[in-house]
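Data file: model24.txt. Format and content: compact mmCIF, C-alpha atoms.
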```
# COMPACT_ATOMS: atom_id res chain seq x y z
CA MET A 1467 137.10 -214.88 210.30
CA THR A 1468 136.86 -218.55 209.39
CA THR A 1469 134.55 -220.00 206.75
CA ASP A 1470 132.38 -221.44 209.54
CA SER A 1471 131.95 -218.05 211.14
CA PHE A 1472 130.99 -216.62 207.76
CA THR A 1473 128.53 -219.45 207.25
CA ASP A 1474 126.93 -218.64 210.60
CA ARG A 1475 126.23 -215.12 209.36
CA LEU A 1476 124.63 -216.11 206.05
CA SER A 1477 121.09 -215.85 207.37
CA ASP A 1478 121.82 -212.43 208.82
CA TYR A 1479 123.22 -211.49 205.42
CA LEU A 1480 120.07 -212.68 203.67
CA ASP A 1481 117.86 -210.82 206.15
CA ASP A 1482 119.94 -207.66 205.89
CA GLU A 1483 120.73 -207.82 209.59
CA LEU A 1484 124.47 -207.11 209.25
CA SER A 1485 126.21 -203.83 209.81
CA ALA A 1486 127.84 -202.22 206.77
CA PRO A 1487 131.37 -203.39 207.68
CA GLU A 1488 130.14 -206.94 208.40
CA ARG A 1489 128.31 -207.02 205.12
CA ALA A 1490 131.34 -205.78 203.23
CA ALA A 1491 133.52 -208.45 204.85
CA LEU A 1492 131.04 -211.17 203.95
CA ASP A 1493 130.71 -209.85 200.40
CA ALA A 1494 134.46 -210.10 200.06
CA HIS A 1495 134.41 -213.65 201.39
CA LEU A 1496 131.56 -214.67 199.09
CA ALA A 1497 133.51 -213.38 196.10
CA GLN A 1498 136.15 -216.01 196.69
CA CYS A 1499 134.22 -218.85 198.40
CA ALA A 1500 132.11 -220.97 196.06
CA GLY A 1501 130.91 -223.10 198.96
CA CYS A 1502 129.37 -220.15 200.81
CA ARG A 1503 127.87 -218.84 197.56
CA GLY A 1504 126.19 -222.20 197.05
CA THR A 1505 124.99 -222.29 200.65
CA ILE A 1506 123.52 -218.82 200.50
CA GLU A 1507 121.64 -219.64 197.32
CA GLU A 1508 120.19 -222.74 198.94
CA LEU A 1509 119.21 -220.76 202.03
CA ARG A 1510 117.56 -218.22 199.76
CA GLY A 1511 115.62 -221.10 198.22
CA VAL A 1512 114.47 -222.26 201.66
CA VAL A 1513 113.23 -218.77 202.52
CA LEU A 1514 111.48 -218.52 199.17
CA GLU A 1515 109.72 -221.83 199.72
CA ALA A 1516 108.63 -220.72 203.18
CA THR A 1517 106.98 -217.62 201.79
CA SER A 1518 105.12 -219.52 199.11
CA LEU A 1519 103.44 -222.19 201.22
CA ASN A 1520 99.75 -222.67 200.63
CA ASP A 1521 97.25 -222.83 203.44
CA ARG A 1522 94.93 -225.78 203.58
CA ALA A 1523 91.91 -226.69 205.63
CA PRO A 1524 91.85 -229.75 207.90
CA SER A 1525 90.72 -233.04 206.47
CA ARG A 1526 87.92 -233.41 209.00
CA ASP A 1527 85.24 -231.20 210.42
CA LEU A 1528 86.34 -229.24 213.46
CA TRP A 1529 83.37 -226.92 213.74
CA THR A 1530 81.27 -229.41 215.67
CA GLY A 1531 83.84 -229.45 218.44
CA VAL A 1532 84.11 -225.67 218.49
CA ALA A 1533 80.34 -225.22 218.45
CA ALA A 1534 79.96 -227.61 221.38
CA ARG A 1535 82.33 -225.51 223.42
CA ILE A 1536 80.86 -222.11 222.64
CA ALA A 1537 77.17 -222.90 222.53
CA PRO A 1538 74.99 -221.06 225.08
CA GLY A 1539 74.52 -223.32 228.04
CA SER A 1540 77.31 -225.58 226.90
CA GLN A 1541 78.90 -227.46 229.74
CA LEU A 1542 82.22 -226.86 228.08
CA ARG A 1543 81.61 -223.21 227.27
CA GLY A 1544 84.93 -221.48 227.11
CA PHE A 1545 86.79 -224.55 228.26
CA VAL A 1546 90.33 -224.33 226.93
CA SER A 1547 92.08 -227.13 228.67
CA PRO A 1548 95.79 -227.33 229.25
CA PHE A 1549 95.29 -231.07 228.97
CA ARG A 1550 93.65 -230.98 225.57
CA ARG A 1551 96.77 -232.44 224.04
CA ALA A 1552 95.36 -235.90 224.53
CA ILE A 1553 91.66 -235.18 224.28
CA SER A 1554 89.97 -236.42 221.18
CA SER A 1555 87.60 -233.93 219.64
CA ARG A 1556 84.98 -236.66 219.74
CA LEU A 1557 85.08 -236.50 223.50
CA SER A 1558 82.80 -234.34 225.56
CA PHE A 1559 82.54 -234.06 229.30
CA THR A 1560 79.38 -233.42 231.22
CA LEU A 1561 79.29 -230.75 233.87
CA PRO A 1562 78.88 -233.36 236.63
CA GLN A 1563 81.99 -235.10 235.34
CA LEU A 1564 84.01 -231.92 235.45
CA ALA A 1565 82.52 -230.97 238.79
CA ALA A 1566 83.32 -234.39 240.20
CA ALA A 1567 86.89 -234.15 239.02
CA GLY A 1568 87.25 -230.70 240.55
CA LEU A 1569 85.57 -231.74 243.76
CA ALA A 1570 87.78 -234.78 243.98
CA LEU A 1571 90.81 -232.59 243.80
CA MET A 1572 89.46 -230.21 246.44
CA VAL A 1573 88.38 -232.89 248.88
CA LEU A 1574 91.53 -234.87 248.39
CA SER A 1575 93.65 -231.80 248.89
CA GLY A 1576 91.68 -231.04 252.04
CA GLY A 1577 92.26 -234.56 253.26
CA LEU A 1578 95.96 -234.27 252.61
CA VAL A 1579 96.18 -230.95 254.39
CA TRP A 1580 94.34 -232.43 257.31
CA MET A 1581 96.65 -235.43 257.42
CA ALA A 1582 99.68 -233.20 257.19
CA ARG A 1583 98.38 -231.04 260.04
CA SER A 1584 97.73 -234.11 262.13
CA GLY A 1585 101.46 -234.74 261.92
CA ASP A 1586 101.27 -237.79 259.73
CA PRO A 1587 104.69 -238.01 258.09
CA ARG A 1588 103.17 -240.11 255.34
CA ALA A 1589 101.05 -237.27 254.06
CA ASP A 1590 103.27 -236.88 251.04
CA PHE A 1591 101.95 -238.52 247.91
CA PRO A 1592 104.26 -240.67 245.86
CA PRO A 1593 104.52 -239.74 242.19
CA ILE A 1594 101.63 -241.14 240.25
CA SER A 1595 102.12 -242.55 236.82
CA ALA A 1596 99.81 -244.43 234.56
CA GLN A 1597 101.35 -247.02 232.35
CA VAL A 1598 99.55 -246.40 229.12
CA ALA A 1599 100.49 -246.75 225.52
CA ASP A 1600 99.34 -244.09 223.09
CA GLY A 1601 96.64 -245.33 220.80
CA SER A 1602 96.08 -248.62 222.60
CA PRO A 1603 92.64 -249.39 223.96
CA ALA A 1604 92.62 -249.40 227.73
CA ASN A 1605 92.57 -252.63 229.63
CA LEU A 1606 92.36 -251.58 233.23
CA ALA A 1607 90.86 -254.73 234.65
CA ASP A 1608 93.12 -255.68 237.52
CA PRO A 1609 91.89 -258.28 240.02
CA ARG A 1610 94.85 -257.56 242.29
CA TYR A 1611 93.83 -253.93 242.54
CA ASP A 1612 90.24 -254.83 243.37
CA GLU A 1613 91.48 -257.32 245.93
CA ALA A 1614 93.76 -254.74 247.55
CA ILE A 1615 90.95 -252.21 247.69
CA GLY A 1616 88.66 -254.82 249.28
CA ASP A 1617 91.26 -255.70 251.90
CA LEU A 1618 91.88 -252.06 252.74
CA GLU A 1619 88.19 -251.27 252.99
CA ARG A 1620 87.71 -254.15 255.40
CA SER A 1621 90.74 -253.04 257.43
CA LEU A 1622 89.44 -249.51 257.55
CA GLU A 1623 86.08 -250.74 258.77
CA VAL A 1624 87.85 -252.53 261.61
CA VAL A 1625 89.86 -249.50 262.72
CA ARG A 1626 87.34 -246.76 262.03
CA THR A 1627 86.17 -246.64 265.65
CA LYS A 1628 89.72 -245.69 266.63
CA LEU A 1629 89.71 -242.74 264.31
CA ASP A 1630 88.54 -239.27 265.11
CA PRO A 1631 84.98 -238.73 263.73
CA GLU A 1632 86.19 -235.74 261.73
CA THR A 1633 88.87 -237.95 260.20
CA VAL A 1634 86.28 -240.55 259.25
CA ARG A 1635 84.08 -237.89 257.71
CA VAL A 1636 86.89 -236.45 255.58
CA VAL A 1637 88.05 -239.89 254.46
CA GLU A 1638 84.54 -241.02 253.55
CA GLU A 1639 83.82 -237.85 251.64
CA SER A 1640 87.09 -238.18 249.79
CA LEU A 1641 86.46 -241.81 248.94
CA ALA A 1642 82.96 -241.07 247.71
CA THR A 1643 84.24 -238.28 245.50
CA ILE A 1644 87.03 -240.39 244.10
CA ASP A 1645 84.57 -243.21 243.41
CA ARG A 1646 82.33 -240.82 241.49
CA ALA A 1647 85.31 -239.61 239.50
CA ILE A 1648 86.34 -243.20 238.76
CA ASP A 1649 82.81 -243.97 237.55
CA ASP A 1650 82.84 -240.89 235.33
CA TRP A 1651 86.20 -241.72 233.80
CA ARG A 1652 85.05 -245.30 233.23
CA ARG A 1653 81.90 -244.17 231.46
CA ALA A 1654 83.85 -241.77 229.29
CA LEU A 1655 86.35 -244.52 228.49
CA ALA A 1656 83.57 -246.84 227.43
CA THR A 1657 82.90 -244.50 224.51
CA ASP A 1658 86.55 -243.78 223.75
CA PRO A 1659 88.66 -246.73 224.97
CA ALA A 1660 91.93 -245.56 223.45
CA ASN A 1661 91.90 -242.07 224.91
CA VAL A 1662 95.17 -241.68 226.77
CA TYR A 1663 93.94 -238.66 228.70
CA LEU A 1664 91.05 -240.65 230.15
CA ILE A 1665 93.16 -243.70 230.84
CA ARG A 1666 95.71 -241.64 232.70
CA HIS A 1667 93.09 -239.95 234.84
CA LEU A 1668 91.32 -243.18 235.64
CA ALA A 1669 94.60 -244.77 236.66
CA GLU A 1670 95.41 -241.72 238.75
CA ALA A 1671 92.02 -241.76 240.49
CA ARG A 1672 92.38 -245.46 241.24
CA GLN A 1673 95.82 -244.94 242.71
CA ARG A 1674 94.57 -242.03 244.80
CA LYS A 1675 91.87 -244.24 246.22
CA LEU A 1676 94.39 -246.92 247.07
CA THR A 1677 96.73 -244.43 248.72
CA LEU A 1678 93.98 -242.77 250.71
CA LEU A 1679 92.64 -246.09 251.98
CA ARG A 1680 96.12 -247.28 252.90
CA ARG A 1681 96.90 -244.13 254.86
CA ALA A 1682 93.55 -243.98 256.60
CA THR A 1683 93.96 -247.59 257.68
CA LEU A 1684 97.48 -246.93 258.95
CA LEU A 1685 96.23 -243.97 260.98
CA GLY A 1686 93.79 -246.18 262.83
CA SER A 1687 96.09 -249.13 263.34
CA MET B 478 87.37 -207.32 174.55
CA VAL B 479 89.16 -204.72 176.62
CA GLN B 480 85.81 -203.51 177.91
CA GLU B 481 84.86 -207.07 178.91
CA ARG B 482 88.11 -207.42 180.85
CA SER B 483 87.48 -204.11 182.57
CA LEU B 484 84.02 -205.22 183.54
CA GLU B 485 85.37 -208.51 184.85
CA ALA B 486 87.99 -206.69 186.89
CA LEU B 487 85.36 -204.32 188.23
CA ALA B 488 83.10 -207.25 189.13
CA LEU B 489 85.99 -208.94 190.90
CA ARG B 490 86.78 -205.77 192.86
CA CYS B 491 83.13 -205.37 193.81
CA ALA B 492 82.96 -208.99 194.92
CA THR B 493 86.08 -208.53 197.02
CA VAL B 494 84.73 -205.38 198.64
CA LEU B 495 81.36 -207.02 199.31
CA SER B 496 83.07 -210.09 200.71
CA ALA B 497 85.12 -207.94 203.06
CA ALA B 498 81.99 -206.06 204.11
CA ASP B 499 80.18 -209.34 204.75
CA MET B 500 83.08 -210.52 206.86
CA THR B 501 83.02 -207.30 208.87
CA ASN B 502 79.32 -207.81 209.46
CA ASP B 503 79.89 -211.41 210.44
CA VAL B 504 82.54 -210.41 212.95
CA ALA B 505 80.25 -207.77 214.45
CA GLN B 506 77.35 -210.21 214.65
CA ALA B 507 79.56 -212.92 216.12
CA ALA B 508 80.83 -210.46 218.73
CA ALA B 509 77.19 -209.89 219.64
CA GLY B 510 76.76 -213.62 220.23
CA ASP B 511 75.55 -214.84 216.84
CA VAL B 512 76.95 -218.36 216.54
CA SER B 513 75.95 -218.68 212.86
CA ALA B 514 77.93 -215.56 212.04
CA PHE B 515 80.85 -216.95 214.00
CA GLU B 516 80.67 -220.16 212.01
CA ARG B 517 81.09 -218.13 208.83
CA VAL B 518 84.07 -216.34 210.37
CA TYR B 519 85.45 -219.71 211.40
CA HIS B 520 85.16 -221.18 207.89
CA ALA B 521 86.70 -218.10 206.31
CA HIS B 522 89.79 -218.28 208.52
CA LEU B 523 90.09 -222.00 209.14
CA PRO B 524 92.69 -222.85 206.46
CA ARG B 525 94.95 -220.02 207.61
CA VAL B 526 94.68 -220.87 211.31
CA HIS B 527 94.94 -224.60 210.81
CA SER B 528 98.04 -224.21 208.67
CA LEU B 529 99.63 -221.88 211.20
CA VAL B 530 98.95 -224.33 214.01
CA ARG B 531 100.12 -227.32 211.98
CA ARG B 532 103.40 -225.67 211.09
CA MET B 533 104.16 -224.26 214.51
CA ALA B 534 103.21 -227.39 216.40
CA GLY B 535 105.00 -229.67 213.98
CA GLY B 536 101.80 -231.51 213.12
CA ARG B 537 101.06 -232.52 216.71
CA ASP B 538 97.55 -231.93 218.08
CA THR B 539 96.78 -229.61 215.20
CA ASP B 540 93.03 -230.13 215.23
CA GLU B 541 92.69 -229.73 219.00
CA LEU B 542 94.85 -226.61 219.05
CA THR B 543 92.90 -225.14 216.14
CA GLN B 544 89.69 -225.65 218.08
CA ASP B 545 91.29 -224.03 221.13
CA VAL B 546 92.18 -221.03 218.99
CA PHE B 547 88.62 -220.55 217.75
CA VAL B 548 87.17 -220.98 221.22
CA ARG B 549 89.56 -218.27 222.40
CA VAL B 550 88.57 -216.08 219.44
CA TRP B 551 84.92 -216.46 220.45
CA GLN B 552 85.78 -215.50 224.02
CA LYS B 553 87.81 -212.48 222.98
CA LEU B 554 85.67 -211.17 220.13
CA GLY B 555 84.28 -208.49 222.38
CA SER B 556 87.75 -207.01 222.78
CA PHE B 557 88.27 -206.62 219.01
CA ARG B 558 88.06 -202.87 218.39
CA GLY B 559 88.85 -202.85 214.70
CA ASP B 560 92.13 -201.00 215.18
CA ALA B 561 93.81 -203.66 213.02
CA ALA B 562 92.38 -205.93 210.36
CA PHE B 563 90.38 -208.76 211.90
CA SER B 564 92.61 -211.33 210.21
CA THR B 565 95.67 -209.72 211.81
CA TRP B 566 94.00 -209.67 215.22
CA LEU B 567 92.94 -213.29 214.89
CA HIS B 568 96.37 -214.34 213.72
CA ARG B 569 98.04 -212.74 216.74
CA LEU B 570 95.56 -214.38 219.03
CA ALA B 571 96.23 -217.75 217.41
CA VAL B 572 99.98 -217.35 217.87
CA ASN B 573 99.43 -216.49 221.53
CA VAL B 574 97.25 -219.56 222.10
CA ILE B 575 99.84 -221.79 220.49
CA ILE B 576 102.68 -220.30 222.49
CA GLU B 577 100.71 -220.56 225.72
CA ARG B 578 100.30 -224.25 225.01
CA PHE B 579 104.01 -224.66 224.47
CA ARG B 580 104.76 -222.76 227.65
CA ALA B 581 102.47 -225.05 229.56
CA GLU B 582 104.37 -228.06 228.34
CA ARG B 583 107.80 -226.85 229.30
CA THR B 584 109.77 -223.70 229.74
CA ARG B 585 110.97 -221.86 226.69
CA ARG B 586 114.64 -222.11 227.50
CA GLN B 587 114.43 -225.83 228.06
CA ARG B 588 112.73 -226.20 224.68
CA LEU B 589 115.53 -224.33 222.96
CA ARG B 590 118.21 -226.32 224.74
CA ASP B 591 116.46 -229.53 223.69
CA GLY B 592 116.25 -228.08 220.23
CA ASP B 593 119.98 -227.58 220.09
CA ASP B 594 120.58 -231.18 221.04
CA ILE B 595 118.07 -232.52 218.56
CA PHE B 596 119.47 -230.32 215.84
CA GLU B 597 122.91 -231.78 216.30
CA THR B 598 121.72 -235.37 216.45
CA ILE B 599 119.21 -235.53 213.64
CA ALA B 600 120.76 -233.17 211.16
CA ALA B 601 123.60 -235.48 210.26
CA PRO B 602 121.68 -238.65 209.36
CA MET B 603 119.37 -236.64 207.15
CA ARG B 604 122.27 -235.77 204.89
CA SER B 605 122.35 -239.27 203.57
CA ARG B 606 118.75 -239.17 202.34
CA ASP B 607 118.54 -239.54 198.64
CA LEU B 608 114.94 -238.44 198.25
CA SER B 609 113.97 -234.83 198.47
CA MET B 610 111.47 -234.14 201.18
CA ASP B 611 108.26 -232.17 201.03
CA PHE B 612 108.78 -228.79 202.65
CA GLU B 613 105.91 -229.13 205.11
CA THR B 614 107.13 -232.58 206.11
CA ALA B 615 110.64 -231.28 206.57
CA LEU B 616 109.26 -228.60 208.88
CA THR B 617 107.91 -231.24 211.23
CA THR B 618 111.38 -232.69 211.71
CA LEU B 619 112.82 -229.45 213.07
CA PRO B 620 113.41 -229.10 216.80
CA ASP B 621 110.45 -227.37 218.45
CA GLY B 622 112.18 -224.09 219.25
CA ALA B 623 113.83 -223.71 215.86
CA ARG B 624 110.61 -224.62 214.04
CA GLU B 625 108.52 -222.07 215.93
CA ILE B 626 110.99 -219.32 215.17
CA PHE B 627 111.35 -220.33 211.53
CA VAL B 628 107.57 -220.36 211.04
CA LEU B 629 107.10 -217.03 212.79
CA HIS B 630 109.94 -215.35 210.88
CA ASP B 631 110.05 -216.88 207.43
CA VAL B 632 106.45 -217.99 206.98
CA GLU B 633 104.55 -215.42 209.01
CA GLY B 634 106.86 -212.46 208.63
CA TYR B 635 107.52 -211.61 212.28
CA LYS B 636 110.64 -209.62 213.18
CA HIS B 637 113.25 -211.01 215.54
CA ARG B 638 112.40 -208.45 218.20
CA GLU B 639 108.73 -209.48 218.04
CA ILE B 640 109.64 -213.14 218.26
CA ALA B 641 111.96 -212.43 221.16
CA SER B 642 109.14 -210.71 222.99
CA LEU B 643 106.61 -213.44 222.23
CA LEU B 644 108.88 -216.29 223.22
CA ASP B 645 110.69 -214.55 226.06
CA ILE B 646 114.10 -215.06 224.50
CA SER B 647 116.75 -212.69 223.18
CA ALA B 648 116.77 -211.48 219.59
CA GLY B 649 120.18 -213.12 219.24
CA THR B 650 118.74 -216.50 220.20
CA SER B 651 115.96 -215.98 217.70
CA LYS B 652 118.49 -215.27 214.94
CA ALA B 653 120.64 -218.25 215.85
CA GLN B 654 117.66 -220.61 215.91
CA LEU B 655 116.39 -219.27 212.61
CA HIS B 656 119.73 -219.89 210.96
CA ARG B 657 119.89 -223.40 212.34
CA ALA B 658 116.39 -224.14 211.13
CA ARG B 659 117.22 -222.88 207.65
CA MET B 660 120.44 -224.87 207.51
CA MET B 661 118.65 -227.99 208.64
CA LEU B 662 115.88 -227.54 206.08
CA ARG B 663 118.46 -226.93 203.40
CA ARG B 664 120.15 -230.23 204.23
CA GLN B 665 116.89 -232.11 204.23
CA LEU B 666 115.46 -230.59 201.11
CA ARG B 667 118.68 -230.84 199.16
CA PRO B 668 120.35 -234.09 200.14
CA GLY B 669 124.07 -233.93 199.73
CA SER B 670 124.39 -230.37 200.95
CA ALA B 671 127.28 -229.99 203.37
```
Is it possible to give me this structure as structure tokens?
Amino acid sequence: MTTDSFTDRLSDYLDDELSAPERAALDAHLAQCAGCRGTIEELRGVVLEATSLNDRAPSRDLWTGVAARIAPGSQLRGFVSPFRRAISSRLSFTLPQLAAAGLALMVLSGGLVWMARSGDPRADFPPISAQVADGSPANLADPRYDEAIGDLERSLEVVRTKLDPETVRVVEESLATIDRAIDDWRRALATDPANVYLIRHLAEARQRKLTLLRRATLLGS
Amino acid sequence: MVQERSLEALALRCATVLSAADMTNDVAQAAAGDVSAFERVYHAHLPRVHSLVRRMAGGRDTDELTQDVFVRVWQKLGSFRGDAAFSTWLHRLAVNVIIERFRAERTRRQRLRDGDDIFETIAAPMRSRDLSMDFETALTTLPDGAREIFVLHDVEGYKHREIASLLDISAGTSKAQLHRARMMLRRQLRPGSA
């Protein structure tokens, strides 16, 4: 065995994970290798430090956030979000906000399924990404976006008579739901402008609206 | 003098027993829906849980993950049968919540592969540091996979077979990652080590 292969076994040696012959071979190597003896002593020191770490409480109060989520009648009761990575503990969502977000997803999914079934090859959504910088307050004012939305809404109004009434109904429901979601995200952002989670979802909702309008208009044109 | 010491020791033992009894009562009351009792349970275990989360997550999202753990504890309290110590039960639950979070972010194997790469790239520059680093800070610089395994094994006392089961990896991978984590910490904590 080489010195490197012995070195790779030093943790196993420390943890008594080696067989008797392996241990004997390593003991023999250690007897003549000062480098490995030094390494194993340092590794022993690392392990010792790991076992003597002290626990410490957080520097800020976390109970308020926990209490809000477990309180009877809480709108966030039991809510353990996979997205909580970016949620500030200061943030709370109302039930209507959560419901709107969920509904938006359902309606939008329904709309997409419907478009796919109608044979529209453009029913696939492009990847959505929000250009946000962690920790930076959001500045989502974009006149070009508003202008594009306005143009598309006017175009849709022109072609809506060419669309199937069921199509119009689904599109309008979807747009209304997305608008409510956008309003909710905006209100939440007003109280926490640097929250990346909110910024990302607002950007996503806005892009969904744009995409839906564009596709609905294309269907009627 | 000896008698005084004996009395002090007895008082300390009594206080410990009473404290444990209080905690048992608090757990039972919390399981029955008493939020005040749960708050006492929370405060009693917060430093332990927060430290576990901080070390395993490398300091990222520690507060949010800690809150997630306690929300999950509240949800699962009814399933605590007292077969193990409450602190042991809570600790296992906390580890599961943390690992679930990691799983949601990316697959375990990808994490470990990333970890290998990071280990190779950041271990070398650290050798040139001439200031010794705080152990907890050094932990945060470990690759995710290696750090989780190091914390579970060396800090929390899990066995490789338990870690393998928790993380859905082989015991051999767990051993290899542990060794790499230790070697990396050794280099960072003792600049100049080869």
Practice prompt. Give the residues of chain A that lie within 6 Å of chain B; count all atoms listed in the file, and format the answer as an MDAnalysis selection string.
Written response: chainID A and resid 1477 1516:1517 1521:1523 1532 1546
Worksheet entry | Pairwise distance for CA of Val1624 in chain A and CA of Arg1672 in chain A, rounded to one decimal in Å |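 Calculated distance between CA of Val1624 in chain A and CA of Arg1672 in chain A is 22.0 Å.
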Worksheet entry | Straight-line distance linking CA of Arg1626 in chain A with CA of Pro1609 in chain A, stated in Å to one decimal |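 Interatomic distance, CA of Arg1626 in chain A to CA of Pro1609 in chain A: 25.3 Å.
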Fill in: Who sits within 7 Å of range 1648-1654 of chain A, only C-alpha atoms, same chain under 6 positions skipped, as a count of residues only
5
Worksheet item: What does the distance between CA of Leu1622 in chain A and CA of Arg1681 in chain A come to in Å, to one decimal place?
Response: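 Going from CA of Leu1622 in chain A over to CA of Arg1681 in chain A, I get 9.6 Å.
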Fill in: From A:Arg1503, A:Arg1489, A:His1495, A:Arg1680, residue lying nearest Leu1641 in chain A [all atoms listed in the file]
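Among the listed residues, A:Arg1680 lies closest to Leu1641 in chain A.
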Worksheet entry | Residues near Phe1472 in chain A, cut-off 12 Å, all atoms listed in the file, skip fewer than 2 positions along chain, as a list in words | Met1467, Thr1468, Thr1469, Asp1470, Asp1474, Arg1475, Leu1476, Ser1477, Asp1478, Tyr1479, Leu1484, Glu1488, Arg1489, Ala1490, Ala1491, Leu1492, Asp1493, Ala1494, His1495, Leu1496, Cys1499, Gly1501, Cys1502, Arg1503, Thr1505 and Ile1506 of chain A
